[in-house]
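Next up, final.txt (compact mmCIF, C-alpha atoms):
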# COMPACT_ATOMS: atom_id res chain seq x y z
CA MET J 63 3.23 36.00 -84.70
CA ALA J 64 6.26 35.68 -86.88
CA SER J 65 9.48 35.31 -85.01
CA THR J 66 12.47 37.46 -85.88
CA GLY J 67 15.77 36.00 -86.93
CA THR J 68 14.29 33.01 -88.75
CA THR J 69 17.01 30.74 -90.06
CA LEU J 70 17.63 30.07 -93.73
CA GLU J 71 16.76 26.40 -93.25
CA LEU J 72 13.36 27.20 -91.71
CA ALA J 73 12.57 29.64 -94.50
CA ARG J 74 13.50 27.07 -97.14
CA ALA J 75 11.34 24.47 -95.44
CA ALA J 76 8.33 26.81 -95.36
CA LYS J 77 8.25 27.48 -99.12
CA ALA J 78 6.14 24.48 -100.07
CA ARG J 79 3.63 25.15 -97.31
CA ALA J 80 3.42 28.81 -98.34
CA LEU J 81 2.54 27.76 -101.88
CA ASP J 82 -0.23 25.51 -100.56
CA VAL J 83 -1.60 28.30 -98.37
CA PHE J 84 -1.48 31.09 -100.97
CA ALA J 85 -2.43 29.23 -104.15
CA PRO J 86 -6.17 29.13 -103.32
CA LEU J 87 -6.15 32.86 -102.47
CA ALA J 88 -4.40 34.40 -105.49
CA PRO J 89 -2.37 33.42 -108.61
CA VAL J 90 1.08 32.51 -107.24
CA VAL J 91 3.95 33.02 -109.72
CA GLY J 92 6.87 32.39 -107.38
CA VAL J 93 7.74 31.26 -103.87
CA GLY J 94 11.27 31.88 -102.67
CA VAL J 95 13.48 33.00 -99.83
CA THR J 96 14.22 36.59 -98.88
CA ARG J 97 15.35 38.62 -95.91
CA VAL J 98 12.66 39.62 -93.41
CA ASP J 99 13.04 41.22 -89.98
CA GLY J 100 16.75 40.60 -89.67
CA GLY J 101 16.40 36.94 -90.56
CA TYR J 102 15.04 34.95 -93.47
CA GLY J 103 11.47 34.60 -94.63
CA VAL J 104 9.38 33.41 -97.52
CA LYS J 105 8.71 35.64 -100.52
CA VAL J 106 5.41 34.96 -102.28
CA ASN J 107 4.96 36.55 -105.72
CA LEU J 108 1.43 37.04 -107.01
CA GLU J 109 0.53 37.79 -110.59
CA SER J 110 -2.34 40.01 -109.46
CA ALA J 111 -3.74 41.20 -106.19
CA PRO J 112 -6.34 38.97 -104.51
CA PRO J 113 -9.91 40.27 -104.24
CA ALA J 114 -10.19 43.13 -101.76
CA GLY J 115 -10.66 41.88 -98.24
CA THR J 116 -8.92 38.55 -98.81
CA PRO J 117 -6.94 37.89 -95.64
CA LEU J 118 -3.34 36.98 -96.51
CA PRO J 119 -1.25 35.16 -93.89
CA ALA J 120 1.69 37.17 -92.50
CA ALA J 121 3.49 33.97 -91.54
CA VAL J 122 3.50 30.29 -92.45
CA ASP J 123 4.71 27.71 -89.93
CA GLY J 124 6.08 30.60 -87.88
CA VAL J 125 8.14 31.89 -90.80
CA PRO J 126 7.39 35.49 -91.85
CA VAL J 127 5.99 35.96 -95.36
CA LYS J 128 6.57 38.91 -97.68
CA VAL J 129 3.94 39.17 -100.43
CA GLU J 130 4.42 41.16 -103.63
CA VAL J 131 2.31 41.63 -106.76
CA VAL J 132 4.75 41.20 -109.66
CA GLY J 133 2.40 41.13 -112.65
CA ARG J 134 2.70 38.79 -115.61
CA LEU J 135 6.21 37.46 -116.16
CA ARG J 136 7.42 36.98 -119.71
CA LYS J 137 10.49 35.76 -121.54
CA GLN J 138 12.41 38.93 -122.34
CA LEU J 139 12.43 39.45 -126.09
CA PRO J 140 11.52 42.76 -127.75
CA ASP J 141 7.75 43.43 -127.88
CA MET E 286 -12.15 63.05 -147.45
CA GLN E 287 -12.55 59.34 -148.02
CA LEU E 288 -9.33 57.35 -148.03
CA ASP E 289 -9.72 56.43 -151.71
CA SER E 290 -10.22 60.08 -152.69
CA VAL E 291 -7.04 61.16 -150.88
CA ARG E 292 -5.09 58.33 -152.48
CA GLU E 293 -6.29 59.35 -155.92
CA LEU E 294 -5.50 63.03 -155.34
CA LYS E 295 -2.05 62.09 -154.06
CA ALA E 296 -1.30 60.02 -157.15
CA VAL E 297 -2.46 62.76 -159.52
CA LEU E 298 -0.46 65.47 -157.74
CA ALA E 299 2.65 63.32 -157.53
CA GLU E 300 2.58 62.94 -161.29
CA SER E 301 1.53 66.44 -162.34
CA VAL E 302 3.13 68.68 -159.74
CA LEU E 303 5.92 66.82 -157.97
CA ALA E 304 7.55 64.85 -160.76
CA PRO E 305 8.84 67.94 -162.59
CA LEU E 306 10.01 69.48 -159.31
CA THR E 307 12.14 66.54 -158.21
CA VAL E 308 13.94 66.21 -161.51
CA GLU E 309 14.80 69.90 -161.97
CA ASN E 310 18.51 69.19 -161.46
CA MET E 311 18.59 66.12 -163.60
CA PRO E 312 20.94 66.28 -166.58
CA LYS E 313 19.29 67.68 -169.66
CA SER E 314 21.84 66.28 -172.03
CA PHE E 315 24.36 63.51 -172.09
CA ALA E 316 27.19 66.01 -172.38
CA LEU E 317 28.06 66.80 -168.79
CA ALA E 318 30.94 68.64 -167.26
CA ALA E 319 33.15 66.39 -165.15
CA GLY E 320 32.10 66.41 -161.51
CA PRO E 321 31.21 64.15 -158.61
CA ILE E 322 28.53 61.66 -159.64
CA ARG E 323 26.48 62.17 -156.50
CA LYS E 324 25.94 65.85 -157.33
CA VAL E 325 24.36 64.95 -160.63
CA ASN E 326 22.04 62.23 -159.44
CA GLU E 327 21.28 63.41 -155.91
CA PRO E 328 17.51 63.71 -155.34
CA VAL E 329 16.31 67.24 -154.76
CA ARG E 330 14.71 67.98 -151.43
CA SER E 331 11.22 69.12 -152.31
CA ILE E 332 7.71 68.18 -151.28
CA ALA E 333 6.51 64.83 -149.94
CA LEU E 334 2.88 63.74 -150.12
CA GLY E 335 1.09 61.29 -147.88
CA ILE E 336 -2.17 60.69 -146.10
CA ALA E 337 -3.01 62.15 -142.69
CA PRO E 338 -5.91 60.73 -140.66
CA ARG E 339 -8.26 63.36 -139.24
CA GLY E 340 -10.83 61.15 -137.59
CA LYS E 341 -12.49 57.83 -138.12
CA ASN E 342 -12.77 57.29 -141.89
CA ASP E 343 -11.79 60.92 -142.51
CA PHE E 344 -8.46 61.74 -144.11
CA ARG E 345 -6.52 64.72 -145.43
CA LEU E 346 -3.66 65.03 -147.82
CA ALA E 347 -0.39 65.22 -145.83
CA VAL E 348 2.01 67.70 -147.44
CA ARG E 349 5.58 67.96 -146.11
CA TYR E 350 7.95 70.45 -147.70
CA GLN E 351 11.67 70.36 -147.12
CA ARG E 352 12.88 73.79 -148.27
CA ARG E 353 11.67 77.13 -146.93
CA GLU E 354 11.58 78.71 -150.38
CA LEU E 355 8.88 76.20 -151.35
CA GLU E 356 6.52 77.84 -148.85
CA ASP E 357 5.25 80.34 -151.43
CA SER E 358 5.90 78.21 -154.47
CA LYS E 359 3.35 77.68 -157.21
CA GLU E 360 3.65 73.91 -156.60
CA LEU E 361 2.51 74.18 -153.00
CA GLU E 362 -0.27 76.56 -154.01
CA THR E 363 -1.45 74.11 -156.66
CA ILE E 364 -1.48 71.25 -154.18
CA LYS E 365 -3.47 73.23 -151.61
CA ARG E 366 -5.95 74.38 -154.25
CA ARG E 367 -6.47 70.87 -155.64
CA ALA E 368 -7.00 69.53 -152.11
CA LYS E 369 -9.70 72.15 -151.59
CA GLY E 370 -8.34 73.07 -148.18
CA GLU E 371 -8.19 69.45 -147.05
CA ALA E 372 -4.43 69.43 -146.73
CA ASP E 373 -2.23 69.21 -143.64
CA VAL E 374 0.82 71.24 -144.72
CA ARG E 375 4.05 71.31 -142.68
CA TYR E 376 7.67 72.31 -143.12
CA ILE E 377 9.93 69.42 -142.06
CA GLY E 378 13.34 70.50 -143.38
CA ARG E 379 16.14 68.06 -144.03
CA VAL E 380 15.41 64.46 -143.10
CA THR E 381 18.39 62.34 -142.19
CA LYS E 382 18.65 58.70 -141.23
CA SER E 383 18.19 58.26 -137.49
CA ALA E 384 21.10 58.08 -135.06
CA ALA E 385 23.18 54.93 -134.83
CA PRO E 386 21.64 52.15 -132.71
CA PRO E 387 23.02 51.54 -129.19
CA TRP E 388 26.36 49.70 -129.01
CA THR E 389 24.68 46.52 -127.76
CA GLN E 390 22.47 46.35 -130.86
CA GLN E 391 25.26 46.83 -133.38
CA ARG E 392 27.25 44.25 -135.32
CA HIS E 393 30.43 43.23 -133.47
CA ARG E 394 33.44 41.26 -134.69
CA PRO E 395 34.99 39.89 -132.61
CA LEU E 396 31.77 38.79 -130.95
CA ARG E 397 31.16 40.52 -127.63
CA ILE E 398 29.32 39.68 -124.41
CA GLY E 399 26.09 41.68 -123.96
CA THR E 400 25.26 42.23 -127.63
CA SER E 401 22.27 41.40 -129.82
CA VAL E 402 22.06 37.78 -130.99
CA GLY E 403 19.39 35.32 -132.02
CA HIS E 404 18.24 32.24 -133.88
CA VAL E 405 17.34 33.20 -137.44
CA ASN E 406 13.61 32.86 -136.67
CA ILE E 407 13.47 35.05 -133.54
CA THR E 408 13.67 38.82 -132.98
CA ALA E 409 16.76 39.39 -130.81
CA GLY E 410 18.10 38.46 -127.41
CA THR E 411 21.47 38.86 -125.73
CA LEU E 412 24.76 37.01 -126.12
CA GLY E 413 25.46 36.05 -122.49
CA ALA E 414 28.96 34.64 -122.61
CA PHE E 415 31.14 32.02 -124.29
CA VAL E 416 31.47 28.39 -123.22
CA THR E 417 33.29 25.23 -124.25
CA VAL E 418 31.75 21.76 -124.28
CA ARG E 419 33.08 19.53 -121.48
CA GLY E 420 35.30 16.86 -122.94
CA GLY E 421 35.05 18.54 -126.34
CA ASP E 422 37.49 20.14 -128.75
CA GLY E 423 37.72 23.48 -126.93
CA LYS E 424 35.92 25.45 -129.65
CA PRO E 425 33.91 28.42 -128.38
CA HIS E 426 30.12 28.32 -128.22
CA ILE E 427 27.76 31.23 -127.53
CA LEU E 428 25.73 30.90 -124.31
CA SER E 429 22.21 32.33 -124.17
CA ASN E 430 18.63 31.17 -123.60
CA ASN E 431 16.80 28.37 -125.39
CA HIS E 432 14.22 30.98 -126.49
CA VAL E 433 17.01 33.13 -127.95
CA LEU E 434 19.21 30.53 -129.70
CA ALA E 435 16.74 27.66 -130.17
CA ASP E 436 13.41 29.47 -130.63
CA GLU E 437 11.66 27.68 -127.75
CA ASN E 438 12.59 24.11 -128.78
CA ARG E 439 11.63 24.78 -132.43
CA GLY E 440 15.24 25.21 -133.57
CA LYS E 441 17.23 22.25 -134.89
CA ILE E 442 20.88 21.54 -134.22
CA GLY E 443 22.83 23.30 -136.97
CA ASP E 444 20.33 26.18 -137.38
CA THR E 445 21.73 29.63 -138.11
CA VAL E 446 22.40 32.15 -135.33
CA LEU E 447 22.78 35.83 -136.26
CA GLN E 448 24.68 38.72 -134.63
CA PRO E 449 23.04 41.15 -134.47
CA GLY E 450 19.68 39.41 -134.25
CA LYS E 451 17.10 39.87 -136.99
CA TYR E 452 15.28 42.61 -135.05
CA ASP E 453 18.50 44.64 -135.18
CA ASP E 454 18.90 44.21 -138.93
CA GLY E 455 20.92 41.00 -138.75
CA LYS E 456 20.76 39.26 -142.13
CA ASP E 457 21.25 35.64 -143.15
CA PRO E 458 23.88 34.78 -144.32
CA ALA E 459 25.79 38.09 -144.01
CA ASP E 460 25.53 38.19 -140.20
CA LYS E 461 25.61 34.45 -139.49
CA VAL E 462 28.11 33.82 -136.67
CA ALA E 463 27.20 30.44 -135.20
CA THR E 464 25.03 27.34 -135.45
CA LEU E 465 22.80 25.93 -132.74
CA SER E 466 24.79 23.19 -130.97
CA VAL E 467 23.42 22.30 -127.53
CA VAL E 468 19.83 22.68 -126.30
CA VAL E 469 18.19 22.06 -122.94
CA LYS E 470 14.54 21.50 -123.91
CA LEU E 471 11.90 23.65 -122.25
CA LYS E 472 9.32 21.44 -120.55
CA LYS E 473 5.67 22.37 -120.93
CA THR E 474 4.68 20.19 -118.01
CA GLY E 475 6.51 19.80 -114.74
CA SER E 476 9.28 22.06 -113.62
CA ASN E 477 12.17 23.63 -115.54
CA ALA E 478 15.46 24.55 -113.87
CA VAL E 479 16.95 26.55 -116.76
CA ASP E 480 16.19 28.22 -120.09
CA CYS E 481 19.46 27.82 -121.98
CA ALA E 482 21.17 26.72 -125.18
CA ALA E 483 24.54 27.09 -126.88
CA ALA E 484 25.63 27.77 -130.45
CA LEU E 485 28.98 26.78 -131.98
CA VAL E 486 30.82 29.86 -133.22
CA ASP E 487 31.78 29.64 -136.92
CA ASP E 488 35.47 28.94 -137.50
CA LYS E 489 36.19 32.28 -139.15
CA ILE E 490 34.46 34.38 -136.48
CA GLU E 491 36.63 35.80 -133.70
CA ILE E 492 35.42 36.25 -130.13
CA ASP E 493 36.24 38.38 -127.10
CA ALA E 494 35.25 36.01 -124.29
CA LYS E 495 36.24 38.27 -121.40
CA SER E 496 35.27 41.92 -121.88
CA ILE E 497 32.02 43.17 -120.45
CA ARG E 498 31.82 46.70 -121.82
CA GLY E 499 31.63 49.24 -119.00
CA LEU E 500 32.47 46.69 -116.30
CA GLY E 501 35.83 45.10 -117.12
CA LYS E 502 36.97 41.53 -117.60
CA LEU E 503 34.87 38.54 -116.63
CA ALA E 504 36.69 37.06 -113.61
CA GLY E 505 35.17 33.59 -113.33
CA ILE E 506 32.23 32.09 -111.50
CA GLY E 507 30.87 33.61 -108.30
CA SER E 508 29.53 32.20 -105.06
CA GLU E 509 26.87 29.51 -105.34
CA PHE E 510 24.81 31.10 -102.56
CA LEU E 511 23.29 34.38 -103.69
CA ASP E 512 21.93 36.11 -100.62
CA GLU E 513 19.25 38.79 -100.69
CA GLY E 514 20.98 42.15 -101.15
CA THR E 515 23.86 40.85 -103.29
CA ALA E 516 24.84 43.59 -105.75
CA VAL E 517 24.79 42.45 -109.38
CA ALA E 518 25.09 43.89 -112.89
CA LYS E 519 24.47 42.83 -116.47
CA LEU E 520 25.11 44.06 -120.00
CA GLY E 521 22.12 43.41 -122.24
CA ARG E 522 20.87 44.14 -125.74
CA THR E 523 18.03 46.47 -124.71
CA THR E 524 18.85 48.24 -121.45
CA GLY E 525 22.64 48.01 -121.79
CA LEU E 526 24.66 48.02 -118.59
CA THR E 527 22.40 47.99 -115.54
CA ARG E 528 22.98 47.40 -111.85
CA GLY E 529 20.70 45.93 -109.26
CA LYS E 530 20.45 43.59 -106.31
CA VAL E 531 19.11 40.16 -105.49
CA THR E 532 15.70 40.49 -103.84
CA ALA E 533 14.89 36.78 -103.42
CA PHE E 534 16.48 33.43 -104.24
CA GLU E 535 15.62 29.73 -104.55
CA LEU E 536 12.27 30.75 -106.05
CA ASP E 537 10.05 27.85 -107.07
CA ASN E 538 6.87 27.86 -109.13
CA VAL E 539 8.01 30.89 -111.14
CA VAL E 540 5.43 31.00 -113.95
CA VAL E 541 6.69 32.59 -117.16
CA GLY E 542 4.78 33.24 -120.38
CA TYR E 543 6.26 31.83 -123.62
CA ASP E 544 4.87 31.35 -127.11
CA ILE E 545 4.48 27.64 -126.27
CA GLY E 546 2.55 28.41 -123.08
CA ASN E 547 3.13 29.22 -119.43
CA LEU E 548 6.17 27.36 -118.14
CA ARG E 549 7.15 26.68 -114.55
CA PHE E 550 10.67 27.20 -113.19
CA ASP E 551 12.15 26.17 -109.84
CA GLY E 552 15.32 27.36 -108.09
CA GLN E 553 15.42 30.84 -109.67
CA VAL E 554 16.92 34.17 -108.62
CA GLU E 555 14.93 37.43 -108.44
CA ILE E 556 16.59 40.81 -109.07
CA GLU E 557 15.47 44.45 -109.05
CA GLY E 558 17.14 47.41 -110.72
CA ALA E 559 19.07 50.07 -108.83
CA ASP E 560 17.80 53.64 -108.46
CA ASP E 561 14.80 54.31 -110.71
CA ASP E 562 15.79 51.92 -113.49
CA PRO E 563 14.55 48.47 -114.45
CA PHE E 564 17.25 45.78 -114.32
CA SER E 565 16.05 44.41 -117.67
CA ARG E 566 13.48 44.66 -120.44
CA GLY E 567 12.49 42.70 -123.53
CA GLY E 568 15.63 41.85 -125.53
CA ASP E 569 17.83 41.38 -122.47
CA SER E 570 17.06 37.65 -122.33
CA GLY E 571 20.29 35.67 -122.27
CA SER E 572 22.31 38.31 -120.43
CA LEU E 573 25.00 37.07 -118.07
CA ILE E 574 24.51 38.41 -114.55
CA VAL E 575 27.70 39.10 -112.61
CA THR E 576 28.61 40.26 -109.12
CA GLU E 577 30.52 43.48 -108.40
CA ASP E 578 33.79 41.55 -108.77
CA ARG E 579 32.66 40.44 -112.25
CA ARG E 580 32.04 36.83 -111.41
CA ALA E 581 29.19 35.10 -113.25
CA VAL E 582 26.26 34.10 -111.07
CA ALA E 583 23.15 33.76 -113.24
CA LEU E 584 21.63 33.78 -116.74
CA LEU E 585 18.73 36.21 -117.26
CA PHE E 586 15.61 34.83 -118.99
CA ALA E 587 12.41 36.52 -117.79
CA GLY E 588 10.93 39.60 -116.24
CA GLY E 589 7.88 41.67 -115.52
CA GLU E 590 7.05 45.35 -115.36
CA VAL E 591 5.27 45.40 -112.02
CA GLY E 592 6.81 45.31 -108.56
CA GLY E 593 10.26 45.94 -107.15
CA SER E 594 10.93 48.69 -104.63
CA ASN E 595 11.30 51.22 -107.48
CA GLY E 596 8.17 49.99 -109.27
CA GLN E 597 10.11 49.06 -112.42
CA GLY E 598 9.42 45.34 -112.23
CA LEU E 599 11.52 42.32 -111.40
CA THR E 600 13.99 40.21 -113.37
CA PHE E 601 14.36 36.43 -113.11
CA ALA E 602 17.48 34.40 -113.80
CA SER E 603 18.80 30.88 -113.41
CA PRO E 604 21.91 30.16 -111.28
CA ILE E 605 24.90 29.90 -113.62
CA ARG E 606 26.05 26.54 -112.25
CA ALA E 607 22.69 24.98 -113.06
CA VAL E 608 22.93 26.42 -116.59
CA LEU E 609 26.47 25.18 -117.23
CA ASN E 610 25.77 21.74 -115.77
CA ALA E 611 22.55 21.30 -117.76
CA LEU E 612 24.40 22.11 -121.00
CA LYS E 613 27.53 20.21 -119.90
CA VAL E 614 29.72 23.20 -120.75
CA ASP E 615 32.32 25.35 -119.00
CA LEU E 616 32.38 29.15 -118.93
CA MET E 617 35.25 30.79 -120.85
CA PHE E 618 36.95 33.67 -119.03
Spell out the structure here as structure tokens.
Amino acid sequence: MASTGTTLELARAAKARALDVFAPLAPVVGVGVTRVDGGYGVKVNLESAPPAGTPLPAAVDGVPVKVEVVGRLRKQLPD
Amino acid sequence: MQLDSVRELKAVLAESVLAPLTVENMPKSFALAAGPIRKVNEPVRSIALGIAPRGKNDFRLAVRYQRRELEDSKELETIKRRAKGEADVRYIGRVTKSAAPPWTQQRHRPLRIGTSVGHVNITAGTLGAFVTVRGGDGKPHILSNNHVLADENRGKIGDTVLQPGKYDDGKDPADKVATLSVVVKLKKTGSNAVDCAAALVDDKIEIDAKSIRGLGKLAGIGSEFLDEGTAVAKLGRTTGLTRGKVTAFELDNVVVGYDIGNLRFDGQVEIEGADDDPFSRGGDSGSLIVTEDRRAVALLFAGGEVGGSNGQGLTFASPIRAVLNALKVDLMF
């Protein structure tokens, strides 16, 4: 169970582990820090949703994880 | 009708029916009363012919007339008859050139933050800000992305930079304003921290290094720590002035698609647009991102169209200190 009020330092430290945990499950296109439950947590960006039924961790090393599908990221020039 | 048949019919009608119509006001002799030249040579609004698709490999003659009195004219009747009913006829009235482009896509002298700019071989990005080289002669350089000013590493020092960019009708040499001067190479393997370059402003070109249209004067560099929820804004070539907030920071393994492949970035900032608007779209690359008190915090370089609490996608930017340090330049303000 993710604890509330996670410190910034714990969230930063959990980023690398979150990448290791999520990379085999879905295409990860970003792992950062965000606010979760009144403290800090890890934000995991996926290019596309994992196959239906894939269990995604809600926390890594006790740090809450917020997952978002962000699509394909591109340099921003006119199409 | 087959495409070739419509083309042939169009050519025949243009010669036999339209040519006399469009020259009806042309001078019939060389002895003309004095008058404005444009009245003599102005083309007459009449009938335009083209090709209208009706289905796969099926086409009709497109007929567009510009004056109501032509509706019952013998010319229009002739065209319809010769097309044997296979004509798409419409009244379109006066056709004028389209409205002026947005302010950010126009030509600006002095050069302005937030306007269209680009290496001569790219479409158009955004002029982020102005910088000076540390330990240099104090001359102003344009700050933007590598993929805007240096065409993803393909540009050479001294290459032409246009304002507006080519996509916004910038022409070389008429709209040349700077030459590529400092480049941080984009790495295809390993991790990138920034996507940035600078271009030395030509001696004769003036700059306005402070004004951010719609926001006020650039007030310096903001806090190094950009917490989630920090309100930010940017002025960019495509979406103009937009506001948003930081949704995540210190993002690693941000994978961004370029012409040269998918590149990885570490230490990036993620932003979403306020209300129902995206924070950025294609063409906003290179925009300077500032806080509410107009202090620079990041340089925009990438985005997507999925995600964000409003569903308009997310924007990614590099912390401004990392950008300035990588280029060894200082922000002008």
Enumerate as a VMD selection string the residues belonging to chain J that approach chain E to within 7 Å, with all atoms listed in the file taken into account. chain J and resid 91 to 97 105 130 to 141
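For the pair CA of Leu503 (chain E) and CA of Pro395 (chain E), the interatomic distance is 16.0 Å.
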Write out as a PyMOL selection string each polymer residue whose atoms come within 12 Å of Ala121 (chain J), counting all atoms listed in the file; drop sequence neighbours fewer than 6 positions from it. chain J and resi 63-66+68+72-73+76-77+79-80+83-84+98+102-106+127-129
As AutoDock Vina command-line options, please: the centre and edge lengths in Å, to one decimal, of an axis-aligned box enclosing every listed atom of region 71-77 of chain J with 5 Å added on each side.
--center_x 12.5 --center_y 27.1 --center_z -95.4 --size_x 18.5 --size_y 15.2 --size_z 17.4
Pick out the residues sitting within 10 Å of Asn431 (chain E), and hand them over as a PyMOL selection string; count only C-alpha atoms, and ignore anything fewer than 5 positions along from it in its own chain. chain E and resi 403-404+436-440+465+467-471+479-483+570-571+586
Of J:Leu87, J:Gly101, J:Leu81, J:Gly115, the one nearest to Thr69 (chain J) when counting all atoms listed in the file is J:Gly101
Which of these, E:Ser603, E:Ser466, E:Gln287, E:Thr576, has the shortest distance to Leu500 (chain E) once you count only C-alpha atoms? E:Thr576
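Interatomic distance, CA of Phe564 (chain E) against CA of Glu577 (chain E): 14.7 Å.
Taking CA of Gly558 (chain E) and CA of Met617 (chain E) as endpoints, the distance between them is 26.6 Å.
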Can you tell me which residues surround Ser508 (chain E) at a distance of at most 12 Å, considering only C-alpha atoms, apart from same-chain residues fewer than 6 positions away, and format the answer as a VMD selection string? chain E and resid 515 575 to 583 604 to 606
Write out as a PyMOL selection string each polymer residue whose atoms come within 8 Å of Val446 (chain E), counting only C-alpha atoms; drop sequence neighbours fewer than 3 positions from it. chain E and resi 402-405+434+450+461-465+484
May I have the selected residues written with C-alpha atoms, as a CSV table (one decimal), keeping the file's coordinate frame?
chain,number,residue,atom,x,y,z
E,402,VAL,CA,22.1,37.8,-131.0
E,403,GLY,CA,19.4,35.3,-132.0
E,404,HIS,CA,18.2,32.2,-133.9
E,405,VAL,CA,17.3,33.2,-137.4
E,434,LEU,CA,19.2,30.5,-129.7
E,450,GLY,CA,19.7,39.4,-134.2
E,461,LYS,CA,25.6,34.4,-139.5
E,462,VAL,CA,28.1,33.8,-136.7
E,463,ALA,CA,27.2,30.4,-135.2
E,464,THR,CA,25.0,27.3,-135.4
E,465,LEU,CA,22.8,25.9,-132.7
E,484,ALA,CA,25.6,27.8,-130.4
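Considering all atoms listed in the file, the residue among E:Leu361, E:Ser290, E:Ser429, E:Leu573 positioned nearest to Leu303 (chain E) is E:Leu361.
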Nearest residue to Thr116 (chain J) out of J:Pro86, J:Asp99, J:Ala78, J:Leu70, using only C-alpha atoms? J:Pro86
